[in-house]
Amino acid sequence: MQDRINTKDGSPPDAVNISRGIFGAAVGIDRLLTLFVEYKIRASWFVPTHTVESFPKPINAIHKAGHEM
C-alpha cells in the first residue's frame, strides 16, 4: 500500500485515516487544485460540514481558487 499512497512524510498509511478522508484533505485537495490550474478547470465541490470543520485550510484553498462549493 505504501507504494501507491504518498503520505508526504514517508510514514506508513493508516487505512482508518484514509477512509475518513484525511488523505483527501491533506494531500488530494492540493493535487486536484494544481491539476485544475494546469488545465484551467473550474469545478463544483461537495464538502460535508464535518470536513469543513476538520480541515478549514484546505477547504479555504478551494474557495480562494474560485471553485463552486
# chains A, B, ... in the order shown; residues from 1 in each chain; ligands from 1

$ select_by_dssp --residues "region 27-69 of chain A" --states "alpha helix (DSSP H)" --output "MDAnalysis selection string"
chainID A and resid 29:38 49:54 56:64

$ residues_around --residues "Leu32 (chain A)" --least-positions-apart "6" --cutoff "12 Å" --atoms "only C-alpha atoms" --output "list in words"
Gly24, Ala25, Ala26, Glu38, Tyr39, Lys40, Ile41, Arg42, Ala43, Trp45, Pro58, Ala61, Ile62, Ala65 and His67 of chain A

$ write_last_selection --atoms "N, CA and C atoms" --output "JSON list (two decimals), in the first residue's frame"
[["chain", "number", "residue", "atom", "x", "y", "z"],
["A", 24, "GLY", "N", -7.47, 12.63, 1.63],
["A", 24, "GLY", "CA", -8.06, 13.55, 0.64],
["A", 24, "GLY", "C", -7.86, 15.00, 1.02],
["A", 25, "ALA", "N", -8.07, 15.31, 2.28],
["A", 25, "ALA", "CA", -7.93, 16.69, 2.74],
["A", 25, "ALA", "C", -6.46, 17.11, 2.82],
["A", 26, "ALA", "N", -5.60, 16.20, 3.26],
["A", 26, "ALA", "CA", -4.20, 16.55, 3.46],
["A", 26, "ALA", "C", -3.38, 16.54, 2.18],
["A", 38, "GLU", "N", -3.57, 23.86, -13.90],
["A", 38, "GLU", "CA", -2.83, 23.48, -15.11],
["A", 38, "GLU", "C", -3.74, 23.39, -16.33],
["A", 39, "TYR", "N", -4.94, 22.85, -16.15],
["A", 39, "TYR", "CA", -5.85, 22.66, -17.27],
["A", 39, "TYR", "C", -6.98, 23.69, -17.31],
["A", 40, "LYS", "N", -6.87, 24.72, -16.48],
["A", 40, "LYS", "CA", -7.86, 25.81, -16.43],
["A", 40, "LYS", "C", -9.28, 25.27, -16.25],
["A", 41, "ILE", "N", -9.45, 24.46, -15.21],
["A", 41, "ILE", "CA", -10.74, 23.83, -14.91],
["A", 41, "ILE", "C", -11.35, 24.48, -13.69],
["A", 42, "ARG", "N", -12.63, 24.78, -13.77],
["A", 42, "ARG", "CA", -13.42, 25.22, -12.62],
["A", 42, "ARG", "C", -14.30, 24.04, -12.25],
["A", 43, "ALA", "N", -14.38, 23.74, -10.97],
["A", 43, "ALA", "CA", -15.12, 22.56, -10.53],
["A", 43, "ALA", "C", -16.14, 22.92, -9.46],
["A", 45, "TRP", "N", -17.56, 21.55, -5.93],
["A", 45, "TRP", "CA", -17.14, 20.66, -4.85],
["A", 45, "TRP", "C", -18.29, 20.49, -3.87],
["A", 58, "PRO", "N", -7.45, 23.55, 3.90],
["A", 58, "PRO", "CA", -7.62, 23.05, 2.53],
["A", 58, "PRO", "C", -8.96, 23.46, 1.91],
["A", 61, "ALA", "N", -8.74, 26.90, 0.67],
["A", 61, "ALA", "CA", -7.98, 26.95, -0.58],
["A", 61, "ALA", "C", -8.88, 26.68, -1.79],
["A", 62, "ILE", "N", -9.85, 25.79, -1.63],
["A", 62, "ILE", "CA", -10.81, 25.53, -2.71],
["A", 62, "ILE", "C", -11.60, 26.79, -3.00],
["A", 65, "ALA", "N", -9.58, 29.52, -4.68],
["A", 65, "ALA", "CA", -9.27, 29.20, -6.08],
["A", 65, "ALA", "C", -10.45, 29.49, -7.00],
["A", 67, "HIS", "N", -13.58, 28.00, -7.00],
["A", 67, "HIS", "CA", -14.46, 26.88, -7.33],
["A", 67, "HIS", "C", -15.80, 27.01, -6.63]]

$ atom_distance --atom1 "CA of Asp9 (chain A)" --atom2 "CA of Lys64 (chain A)"
26.0 Å

$ decode --residues "region 4-61 of chain A" --atoms "C-alpha atoms" --output "PDB file, in the first residue's frame"
ATOM      1  CA  ARG A   4       0.554   3.705  -4.003  1.00  0.00           C
ATOM      2  CA  ILE A   5      -0.167   6.325  -1.346  1.00  0.00           C
ATOM      3  CA  ASN A   6       2.138   9.245  -0.635  1.00  0.00           C
ATOM      4  CA  THR A   7       1.696  10.320   2.998  1.00  0.00           C
ATOM      5  CA  LYS A   8       4.028  13.323   2.493  1.00  0.00           C
ATOM      6  CA  ASP A   9       6.241  12.415   5.458  1.00  0.00           C
ATOM      7  CA  GLY A  10       7.037   8.832   4.420  1.00  0.00           C
ATOM      8  CA  SER A  11       5.100   7.258   7.269  1.00  0.00           C
ATOM      9  CA  PRO A  12       3.062   4.128   6.543  1.00  0.00           C
ATOM     10  CA  PRO A  13      -0.503   4.937   5.500  1.00  0.00           C
ATOM     11  CA  ASP A  14      -3.237   4.334   8.059  1.00  0.00           C
ATOM     12  CA  ALA A  15      -6.264   2.707   6.411  1.00  0.00           C
ATOM     13  CA  VAL A  16      -8.622   4.186   9.018  1.00  0.00           C
ATOM     14  CA  ASN A  17      -7.454   7.740   8.337  1.00  0.00           C
ATOM     15  CA  ILE A  18      -7.585   7.212   4.595  1.00  0.00           C
ATOM     16  CA  SER A  19     -11.186   6.024   4.776  1.00  0.00           C
ATOM     17  CA  ARG A  20     -12.110   9.017   6.990  1.00  0.00           C
ATOM     18  CA  GLY A  21     -10.930  11.424   4.310  1.00  0.00           C
ATOM     19  CA  ILE A  22      -7.735  12.593   5.957  1.00  0.00           C
ATOM     20  CA  PHE A  23      -5.654  11.675   2.907  1.00  0.00           C
ATOM     21  CA  GLY A  24      -8.055  13.552   0.641  1.00  0.00           C
ATOM     22  CA  ALA A  25      -7.929  16.690   2.740  1.00  0.00           C
ATOM     23  CA  ALA A  26      -4.197  16.549   3.463  1.00  0.00           C
ATOM     24  CA  VAL A  27      -2.944  15.513   0.015  1.00  0.00           C
ATOM     25  CA  GLY A  28      -5.746  15.125  -2.513  1.00  0.00           C
ATOM     26  CA  ILE A  29      -7.131  18.671  -2.455  1.00  0.00           C
ATOM     27  CA  ASP A  30      -3.732  20.191  -3.237  1.00  0.00           C
ATOM     28  CA  ARG A  31      -3.174  17.713  -6.055  1.00  0.00           C
ATOM     29  CA  LEU A  32      -6.569  18.451  -7.576  1.00  0.00           C
ATOM     30  CA  LEU A  33      -6.193  22.220  -7.268  1.00  0.00           C
ATOM     31  CA  THR A  34      -2.809  22.028  -9.002  1.00  0.00           C
ATOM     32  CA  LEU A  35      -4.295  19.911 -11.790  1.00  0.00           C
ATOM     33  CA  PHE A  36      -7.253  22.268 -12.184  1.00  0.00           C
ATOM     34  CA  VAL A  37      -4.948  25.285 -12.523  1.00  0.00           C
ATOM     35  CA  GLU A  38      -2.831  23.483 -15.112  1.00  0.00           C
ATOM     36  CA  TYR A  39      -5.853  22.656 -17.272  1.00  0.00           C
ATOM     37  CA  LYS A  40      -7.859  25.809 -16.429  1.00  0.00           C
ATOM     38  CA  ILE A  41     -10.736  23.825 -14.908  1.00  0.00           C
ATOM     39  CA  ARG A  42     -13.416  25.218 -12.619  1.00  0.00           C
ATOM     40  CA  ALA A  43     -15.121  22.555 -10.530  1.00  0.00           C
ATOM     41  CA  SER A  44     -18.079  22.154  -8.207  1.00  0.00           C
ATOM     42  CA  TRP A  45     -17.139  20.665  -4.846  1.00  0.00           C
ATOM     43  CA  PHE A  46     -19.475  18.976  -2.386  1.00  0.00           C
ATOM     44  CA  VAL A  47     -17.947  19.368   1.068  1.00  0.00           C
ATOM     45  CA  PRO A  48     -19.664  17.931   4.155  1.00  0.00           C
ATOM     46  CA  THR A  49     -19.786  20.191   7.214  1.00  0.00           C
ATOM     47  CA  HIS A  50     -17.605  17.758   9.174  1.00  0.00           C
ATOM     48  CA  THR A  51     -14.876  18.163   6.559  1.00  0.00           C
ATOM     49  CA  VAL A  52     -15.139  21.966   6.637  1.00  0.00           C
ATOM     50  CA  GLU A  53     -14.807  21.950  10.421  1.00  0.00           C
ATOM     51  CA  SER A  54     -11.990  19.380  10.460  1.00  0.00           C
ATOM     52  CA  PHE A  55      -9.880  20.787   7.590  1.00  0.00           C
ATOM     53  CA  PRO A  56     -10.532  24.530   7.285  1.00  0.00           C
ATOM     54  CA  LYS A  57      -7.272  25.441   5.491  1.00  0.00           C
ATOM     55  CA  PRO A  58      -7.620  23.049   2.532  1.00  0.00           C
ATOM     56  CA  ILE A  59     -11.313  23.900   2.199  1.00  0.00           C
ATOM     57  CA  ASN A  60     -10.485  27.610   2.215  1.00  0.00           C
ATOM     58  CA  ALA A  61      -7.981  26.948  -0.581  1.00  0.00           C
TER      59      ALA A  61
END
